[in-house]
>>> print(open('my_file_8.pdb').read())   # PDB, C-alpha atoms
ATOM      1  CA  MET R 350      23.860  -3.127   1.023  1.00  0.00           C
ATOM      2  CA  VAL R 351      20.261  -3.537  -0.081  1.00  0.00           C
ATOM      3  CA  GLN R 352      19.478  -6.564  -2.192  1.00  0.00           C
ATOM      4  CA  CYS R 353      16.364  -6.812  -4.286  1.00  0.00           C
ATOM      5  CA  GLY R 354      14.685  -9.900  -5.643  1.00  0.00           C
ATOM      6  CA  PRO R 355      14.391 -10.612  -9.341  1.00  0.00           C
ATOM      7  CA  VAL R 356      12.512  -8.069 -11.432  1.00  0.00           C
ATOM      8  CA  GLN R 357       9.730  -9.764 -13.327  1.00  0.00           C
ATOM      9  CA  SER R 358       8.081  -8.154 -16.303  1.00  0.00           C
ATOM     10  CA  THR R 359       4.575  -8.808 -14.983  1.00  0.00           C
ATOM     11  CA  GLY R 360       4.871  -6.541 -11.964  1.00  0.00           C
ATOM     12  CA  VAL R 361       4.804  -9.254  -9.296  1.00  0.00           C
ATOM     13  CA  TYR R 362       7.487  -7.649  -7.165  1.00  0.00           C
ATOM     14  CA  TYR R 363       7.632  -4.120  -8.569  1.00  0.00           C
ATOM     15  CA  PRO R 364       5.326  -2.051 -10.780  1.00  0.00           C
ATOM     16  CA  THR R 365       6.192  -2.319 -14.452  1.00  0.00           C
ATOM     17  CA  SER R 366       6.741   1.454 -14.633  1.00  0.00           C
ATOM     18  CA  ILE R 367      10.255   1.010 -13.182  1.00  0.00           C
ATOM     19  CA  LEU R 368      11.300  -1.376 -15.949  1.00  0.00           C
ATOM     20  CA  PRO R 369      13.230  -0.328 -19.054  1.00  0.00           C
ATOM     21  CA  GLY R 370      11.005   0.692 -21.965  1.00  0.00           C
ATOM     22  CA  TRP R 371      11.494  -2.520 -23.931  1.00  0.00           C
ATOM     23  CA  MET R 372      10.462  -4.632 -20.922  1.00  0.00           C
ATOM     24  CA  GLN R 373       7.398  -2.454 -20.369  1.00  0.00           C
ATOM     25  CA  LEU R 374       6.327  -3.255 -23.934  1.00  0.00           C
ATOM     26  CA  ILE R 375       6.739  -6.988 -23.311  1.00  0.00           C
ATOM     27  CA  SER R 376       4.779  -6.783 -20.051  1.00  0.00           C
ATOM     28  CA  ARG R 377       1.767  -5.404 -21.921  1.00  0.00           C
ATOM     29  CA  ILE R 378       1.098  -8.801 -23.524  1.00  0.00           C
ATOM     30  CA  SER R 379       1.022 -10.598 -20.174  1.00  0.00           C
ATOM     31  CA  PRO R 380      -2.403 -10.921 -18.537  1.00  0.00           C
ATOM     32  CA  ALA R 381      -0.677 -11.136 -15.141  1.00  0.00           C
ATOM     33  CA  THR R 382       0.399  -7.499 -15.495  1.00  0.00           C
ATOM     34  CA  TYR R 383      -3.197  -6.294 -15.661  1.00  0.00           C
ATOM     35  CA  VAL R 384      -4.455  -8.651 -12.970  1.00  0.00           C
ATOM     36  CA  LEU R 385      -1.731  -7.607 -10.544  1.00  0.00           C
ATOM     37  CA  ASP R 386      -2.263  -3.901 -11.238  1.00  0.00           C
ATOM     38  CA  ALA R 387      -6.018  -4.254 -10.716  1.00  0.00           C
ATOM     39  CA  VAL R 388      -5.659  -6.248  -7.508  1.00  0.00           C
ATOM     40  CA  ARG R 389      -3.068  -3.818  -6.166  1.00  0.00           C
ATOM     41  CA  ARG R 390      -5.280  -0.809  -6.960  1.00  0.00           C
ATOM     42  CA  ALA R 391      -8.387  -2.462  -5.519  1.00  0.00           C
ATOM     43  CA  LEU R 392      -6.741  -3.574  -2.281  1.00  0.00           C
ATOM     44  CA  ILE R 393      -4.397  -0.672  -1.598  1.00  0.00           C
ATOM     45  CA  ASP R 394      -6.281   2.245  -3.150  1.00  0.00           C
ATOM     46  CA  GLY R 395      -9.817   0.897  -2.696  1.00  0.00           C
ATOM     47  CA  ALA R 396     -10.583   1.376  -6.407  1.00  0.00           C
ATOM     48  CA  SER R 397     -14.073   0.502  -7.601  1.00  0.00           C
ATOM     49  CA  VAL R 398     -14.817  -1.770 -10.552  1.00  0.00           C
ATOM     50  CA  GLY R 399     -15.384   1.298 -12.721  1.00  0.00           C
ATOM     51  CA  GLN R 400     -11.947   2.616 -11.835  1.00  0.00           C
ATOM     52  CA  LEU R 401     -10.424  -0.748 -12.717  1.00  0.00           C
ATOM     53  CA  LEU R 402     -11.733  -0.718 -16.300  1.00  0.00           C
ATOM     54  CA  PRO R 403      -8.340   0.347 -17.732  1.00  0.00           C
ATOM     55  CA  ASP R 404      -6.983  -2.951 -16.361  1.00  0.00           C
ATOM     56  CA  LEU R 405     -10.037  -5.070 -17.144  1.00  0.00           C
ATOM     57  CA  TRP R 406     -10.611  -4.315 -20.823  1.00  0.00           C
ATOM     58  CA  PRO R 407      -7.176  -5.616 -21.915  1.00  0.00           C
ATOM     59  CA  LEU R 408      -7.945  -8.845 -20.036  1.00  0.00           C
ATOM     60  CA  LEU R 409     -11.208  -9.236 -21.958  1.00  0.00           C
ATOM     61  CA  VAL R 410      -9.463  -8.609 -25.272  1.00  0.00           C
ATOM     62  CA  MET R 411      -6.743 -11.109 -24.361  1.00  0.00           C
ATOM     63  CA  ALA R 412      -9.368 -13.681 -23.380  1.00  0.00           C
ATOM     64  CA  PHE R 413     -11.084 -13.359 -26.771  1.00  0.00           C
ATOM     65  CA  VAL R 414      -7.754 -13.608 -28.616  1.00  0.00           C
ATOM     66  CA  PHE R 415      -5.487 -15.869 -26.528  1.00  0.00           C
ATOM     67  CA  ILE R 416      -8.006 -18.593 -25.591  1.00  0.00           C
ATOM     68  CA  PRO R 417      -9.132 -19.400 -29.163  1.00  0.00           C
ATOM     69  CA  LEU R 418      -5.537 -19.060 -30.377  1.00  0.00           C
ATOM     70  CA  GLY R 419      -4.357 -21.468 -27.664  1.00  0.00           C
ATOM     71  CA  LEU R 420      -7.117 -23.963 -28.470  1.00  0.00           C
ATOM     72  CA  TRP R 421      -6.253 -23.789 -32.159  1.00  0.00           C
ATOM     73  CA  GLY R 422      -2.542 -24.282 -31.464  1.00  0.00           C
ATOM     74  CA  PHE R 423      -3.170 -27.148 -29.060  1.00  0.00           C
ATOM     75  CA  GLY R 424      -5.485 -28.867 -31.544  1.00  0.00           C
ATOM     76  CA  LYS R 425      -2.926 -28.506 -34.299  1.00  0.00           C
ATOM     77  CA  ALA R 426      -0.165 -29.931 -32.074  1.00  0.00           C
ATOM     78  CA  GLU R 427      -2.414 -32.794 -30.978  1.00  0.00           C
ATOM     79  CA  ARG R 428      -3.270 -33.727 -34.576  1.00  0.00           C
ATOM     80  CA  TYR R 429       0.417 -33.620 -35.494  1.00  0.00           C
ATOM     81  CA  ALA R 430       1.332 -35.834 -32.529  1.00  0.00           C
ATOM     82  CA  LYS R 431      -1.361 -38.359 -33.413  1.00  0.00           C
ATOM     83  CA  ARG R 432      -0.400 -38.376 -37.092  1.00  0.00           C
ATOM     84  CA  THR R 433       3.286 -38.951 -36.360  1.00  0.00           C
ATOM     85  CA  GLY R 434       2.675 -41.519 -33.624  1.00  0.00           C
ATOM     86  CA  LYS R 435       4.004 -39.370 -30.803  1.00  0.00           C
ATOM     87  CA  LEU R 436       0.659 -39.455 -29.010  1.00  0.00           C
ATOM     88  CA  LYS R 437      -1.358 -42.585 -28.476  1.00  0.00           C
ATOM     89  CA  ARG R 438      -4.643 -42.791 -26.652  1.00  0.00           C
ATOM     90  CA  VAL R 439      -5.408 -45.816 -24.544  1.00  0.00           C
ATOM     91  CA  GLY R 440      -8.864 -46.486 -23.181  1.00  0.00           C
TER      92      GLY R 440
END
>>> encode(input="my_file_8.pdb", output="structure tokens")
Amino acid sequence: MVQCGPVQSTGVYYPTSILPGWMQLISRISPATYVLDAVRRALIDGASVGQLLPDLWPLLVMAFVFIPLGLWGFGKAERYAKRTGKLKRVG
């Protein structure tokens, strides 16, 4: 009997192409999916940077969207915590 480890939607253990369609859609919003695909293609297939562009452009888009969104969300949560007394700064 062959046992496999957990299937993760980012492609850590297996490529995302073997996942059900709905999980493949979810994996497309994870930066780890693109990083792992690019690293795998670069190391195993010897792909050049130009050949990795299909994996790199989504990472750039995510960086321009997710980082400002995360900073905005963190700032909002921090202001809420300060206003309600759940966060106190000392020093």
>>> residues_around(input="my_file_8.pdb", residues="segment 379-381 of chain R", least_positions_apart="2", cutoff="12 Å", atoms="all atoms listed in the file", output="ChimeraX atom specification")
/R:357-362,364-365,372-377,383-389,404-412,414-416
>>> atom_distance(input="my_file_8.pdb", atom1="atom CA of Leu418 of chain R", atom2="atom CA of Val398 of chain R")
27.9 Å
>>> axis_aligned_box(input="my_file_8.pdb", around="segment 391-400 of chain R", padding_each_side="3 Å", output="lines of an AutoDock Vina configuration file")
center_x = -9.9
center_y = -0.5
center_z = -7.2
size_x = 17.0
size_y = 12.2
size_z = 17.1
>>> atom_distance(input="my_file_8.pdb", atom1="atom CA of Thr382 of chain R", atom2="atom CA of Gly422 of chain R")
23.4 Å
>>> atom_distance(input="my_file_8.pdb", atom1="atom CA of Glu427 of chain R", atom2="atom CA of Ile378 of chain R")
25.4 Å
>>> decode(input="my_file_8.pdb", residues="segment 356-389 of chain R", atoms="C-alpha atoms", output="CSV table (one decimal), in the first residue's frame")
chain,number,residue,atom,x,y,z
R,356,VAL,CA,-1.9,17.4,-0.7
R,357,GLN,CA,-1.4,21.2,-0.4
R,358,SER,CA,-3.0,23.6,-2.7
R,359,THR,CA,0.3,25.5,-3.3
R,360,GLY,CA,2.1,22.6,-5.0
R,361,VAL,CA,4.6,21.9,-2.2
R,362,TYR,CA,4.4,18.2,-2.5
R,363,TYR,CA,2.6,17.7,-5.9
R,364,PRO,CA,2.0,20.0,-8.9
R,365,THR,CA,-1.3,21.8,-8.7
R,366,SER,CA,-2.4,20.3,-12.0
R,367,ILE,CA,-3.4,17.0,-10.1
R,368,LEU,CA,-5.8,18.8,-7.8
R,369,PRO,CA,-9.5,19.0,-8.4
R,370,GLY,CA,-10.6,22.1,-10.4
R,371,TRP,CA,-11.9,24.1,-7.4
R,372,MET,CA,-8.6,23.6,-5.6
R,373,GLN,CA,-6.6,24.7,-8.7
R,374,LEU,CA,-8.6,27.9,-8.6
R,375,ILE,CA,-7.8,28.5,-5.0
R,376,SER,CA,-4.1,27.8,-5.6
R,377,ARG,CA,-3.9,30.6,-8.1
R,378,ILE,CA,-4.2,33.3,-5.4
R,379,SER,CA,-1.3,31.8,-3.4
R,380,PRO,CA,2.1,33.3,-4.2
R,381,ALA,CA,3.7,30.1,-3.0
R,382,THR,CA,2.2,28.3,-6.1
R,383,TYR,CA,4.1,30.5,-8.5
R,384,VAL,CA,7.3,30.5,-6.5
R,385,LEU,CA,7.4,26.7,-6.3
R,386,ASP,CA,6.6,26.3,-9.9
R,387,ALA,CA,9.3,28.7,-10.9
R,388,VAL,CA,11.9,27.2,-8.6
R,389,ARG,CA,11.0,23.7,-9.8
